[in-house]
Amino acid sequence: MLAETPIRASTINDDSLRIAAVVSADALLLPRDDLALAVALKSPLFGLDEDDLFKLAHDRKGLLRKSLATQAAGNSKLEGALKRLEECERRFQHDTPFAFYAWLLGGDGGRARILKRLGHEANDALDEFLELALNYERKAPASLQGFMAWLRSADTEVKRDMEISRDEVRVMTVHGAKGLEAPVVIMVDTTSSPSDTQRLRLIQLPHEGREVTVWAGKKADDPEVVAKGREAMLAETEHEYRRLLYVAMTRAADRLIVAGIQPGNRNGVRPDCWYDLVGKGLAKSGLQEEIIETDDGQIKRYTRAEDGPHATGAVAPTAITAQELPLWLRTPLPSPTTSAGLLRPSQANGDTAHRVKSTEAIAQRTRALLQGNLVHRLLQSLPDLLPERRRDAASANLARNAPGWSQAERGELAEKVIALIADSRFAAVFAQGSRAEVAIVGRLTLPGRPPSLVSGQIDRLAVTPNEVLIVDFKTNHAPATSPAEAPQAYVRQLALYRAVLSRLYPQHAIRAALLWTETADLMEISSPALDAQLASLDSGQGRA
């Protein structure tokens, strides 16, 4: 099985990538730092190996950077590294940190080279690194040197969930496996302890409330205080050894295999090593033990014992005694004294906003509705674009949403909407900072009526330091010619919008208007007309 399964040594972590990025930046910020440049050249970003680096560094007469420039001629690998370094030197001086690393990892193919060497799990670290660069630019001047200083001091940790479905055996240290899980975990080195090979020469001793370090010779020559200090350090090593055992054992989701090698100079395993501790614990755990004889010795398998018959046998039904339900559970709730109705301004009852004549064909009505939706969509999105981009954006939108129209019809509608946005009379409607399709929800209380919830969406809202302008787009082919002729449903819709926004902007003057797209006319509705429509609402009008 292991012969057919790829083995990956998972030594990559987020700190190593961050350090590599910092050192690579140091090679640009400190051109005389040969060590930083050597680390950068050997990284996946440049791809040089030990032999290439030795060729550059050995017997050089000056800086490593100069040696690279000198030896690049005639060597395609070194020449490629030099060109990449020169491009980095040009870009980092004027690009922001995020822009520089986005190019280095994306446009220059750095991400692909890193993933080729370190595996696809490095993606998480690279994405987090770019996110750090972007966050830094939001809070500080965007300089590479400042970003490197901030990155060195940042305490950032990224946990990657290594996919357990991949057909790989991951070789990891216990420290590297913290926070991860796998269906099968094999603990390999379990018969040795760090304290066996620890040669303590520097002993930490308490002295006047702080710790001092002394040099110790042979263990047999230790004074009493040094002997106690040595014992304390060995005890701490053993404690950490046991803590790591807990980490290692809890990485397994389904099966844990504990293996080890018996030392040749012992008749048995070392007391209190991981293998010994696990064996003692399992012996007292009450698990069912199975001994399997193999050519390499015994294998002990521990499983949970089968549950007793009561676990799988049928459970005798329990007699349920009928209980009298309490009176409060059978009593209907009283109707609330006040109920909050829901008012939708765009669906206000009353007179119909747009009555279709009986002689109007269904196809014409469908086309009119589609045209109204198209106009609203264009008026929503085009004002936020640069004027030179609006025509192309409108054409693409109409071609996608009105494929049955001719090109001339789509062009005519696009030009009409673009001219409407560019009209100086409507500058306040489409001014910078105005917003489209603004959803509002509020509670409206009118004298003598129960409170009502108002929910709607304003076509265009412009808020300035002194006033609020509410605009509702209307695409009727026969628009009103004066505010008095405006359909009451339209005016009532604006009145509800104004009533809600007046509570949000109590110090602002609030204006409301209808923008007739067919005649390019902005019709402002007076405050008395809005107040009259608001007063005409009764408890049954406008309910959804």
# chains A, B, ... in the order shown; residues from 1 in each chain; ligands from 1
$ select_by_dssp --residues "segment 73-241 of chain A" --states "strand (DSSP E or B)" --output "PyMOL selection string"
chain A and resi 169-171+182-187+202-207+210-215
$ select_by_dssp --residues "segment 131-307 of chain A" --states "alpha helix (DSSP H)" --output "MDAnalysis selection string"
chainID A and resid 131:139 144:153 194:197 224:249 274:283
$ residues_around --residues "Leu282 of chain A" --least-positions-apart "6" --cutoff "12 Å" --atoms "only C-alpha atoms" --output "JSON, numbers by chain"
{"A": [258, 275, 276, 288, 289, 290, 300, 301, 302, 303, 304]}
$ write_last_selection --atoms "N, CA and C atoms" --output "PDB file, in the first residue's frame"
ATOM      1  N   VAL A 258       0.713   2.778  16.902  1.00  0.00           N
ATOM      2  CA  VAL A 258       1.885   3.147  17.701  1.00  0.00           C
ATOM      3  C   VAL A 258       2.990   2.159  17.394  1.00  0.00           C
ATOM      4  N   TYR A 275       5.932   4.672  23.848  1.00  0.00           N
ATOM      5  CA  TYR A 275       5.454   3.301  23.649  1.00  0.00           C
ATOM      6  C   TYR A 275       5.069   2.680  24.986  1.00  0.00           C
ATOM      7  N   ASP A 276       5.882   2.897  25.994  1.00  0.00           N
ATOM      8  CA  ASP A 276       5.614   2.340  27.315  1.00  0.00           C
ATOM      9  C   ASP A 276       4.381   2.979  27.941  1.00  0.00           C
ATOM     10  N   GLN A 288     -10.755  -4.220  24.521  1.00  0.00           N
ATOM     11  CA  GLN A 288     -10.519  -5.620  24.165  1.00  0.00           C
ATOM     12  C   GLN A 288      -9.194  -5.730  23.428  1.00  0.00           C
ATOM     13  N   GLU A 289      -8.290  -6.614  23.921  1.00  0.00           N
ATOM     14  CA  GLU A 289      -6.944  -6.773  23.350  1.00  0.00           C
ATOM     15  C   GLU A 289      -6.885  -7.996  22.449  1.00  0.00           C
ATOM     16  N   GLU A 290      -6.282  -7.830  21.288  1.00  0.00           N
ATOM     17  CA  GLU A 290      -6.072  -8.933  20.348  1.00  0.00           C
ATOM     18  C   GLU A 290      -4.601  -8.942  19.961  1.00  0.00           C
ATOM     19  N   LYS A 300      -0.249  -5.771  18.892  1.00  0.00           N
ATOM     20  CA  LYS A 300      -1.388  -5.724  19.796  1.00  0.00           C
ATOM     21  C   LYS A 300      -2.424  -4.761  19.225  1.00  0.00           C
ATOM     22  N   ARG A 301      -3.646  -5.264  19.158  1.00  0.00           N
ATOM     23  CA  ARG A 301      -4.735  -4.457  18.627  1.00  0.00           C
ATOM     24  C   ARG A 301      -5.777  -4.276  19.719  1.00  0.00           C
ATOM     25  N   TYR A 302      -6.160  -3.020  19.947  1.00  0.00           N
ATOM     26  CA  TYR A 302      -7.132  -2.710  20.991  1.00  0.00           C
ATOM     27  C   TYR A 302      -8.382  -2.134  20.336  1.00  0.00           C
ATOM     28  N   THR A 303      -9.508  -2.735  20.668  1.00  0.00           N
ATOM     29  CA  THR A 303     -10.782  -2.265  20.143  1.00  0.00           C
ATOM     30  C   THR A 303     -11.781  -2.197  21.275  1.00  0.00           C
ATOM     31  N   ARG A 304     -12.857  -1.484  21.031  1.00  0.00           N
ATOM     32  CA  ARG A 304     -13.917  -1.438  22.031  1.00  0.00           C
ATOM     33  C   ARG A 304     -14.642  -2.784  22.061  1.00  0.00           C
TER      34      ARG A 304
END
$ atom_distance --atom1 "atom CA of Ile510 of chain A" --atom2 "atom CA of Gln488 of chain A"
19.2 Å
$ residues_around --residues "Leu82 of chain A" --least-positions-apart "3" --cutoff "8 Å" --atoms "only C-alpha atoms" --output "list in words"
Leu68, Ala69, Ala72, Leu78, Glu79, Leu85 and Glu86 of chain A
$ residues_around --residues "Lys219 of chain A" --least-positions-apart "6" --cutoff "10 Å" --atoms "only C-alpha atoms" --output "list of chain:residue names"
A:Arg199, A:Leu200, A:Arg201, A:Val226, A:Ala227, A:Arg230
$ write_last_selection --atoms "C-alpha atoms" --output "compact mmCIF listing (two decimals), in the first residue's frame"
# COMPACT_ATOMS: atom_id res chain seq x y z
CA ARG A 199 23.55 17.09 27.01
CA LEU A 200 22.94 19.86 29.47
CA ARG A 201 25.87 22.21 29.69
CA VAL A 226 23.48 22.80 39.88
CA ALA A 227 22.27 19.21 40.30
CA ARG A 230 19.73 19.97 35.98
$ atom_distance --atom1 "atom CA of Trp150 of chain A" --atom2 "atom CA of Tyr136 of chain A"
8.2 Å
$ atom_distance --atom1 "atom CA of Gln493 of chain A" --atom2 "atom CA of Pro345 of chain A"
4.4 Å
$ closest_residue --among "A:Leu530, A:Leu325, A:Leu522, A:Val468" --to "Leu494 of chain A" --atoms "only C-alpha atoms"
A:Leu530
$ closest_residue --among "A:Glu236, A:Glu128, A:Asp95, A:Glu231" --to "Pro141 of chain A" --atoms "only C-alpha atoms"
A:Asp95
$ residues_around --residues "segment 376-393 of chain A" --least-positions-apart "6" --cutoff "12 Å" --atoms "only C-alpha atoms" --output "NGL selection string"
:A and (369-370 or 399-401 or 410-423 or 426-438 or 458-461 or 471-475 or 515-517)
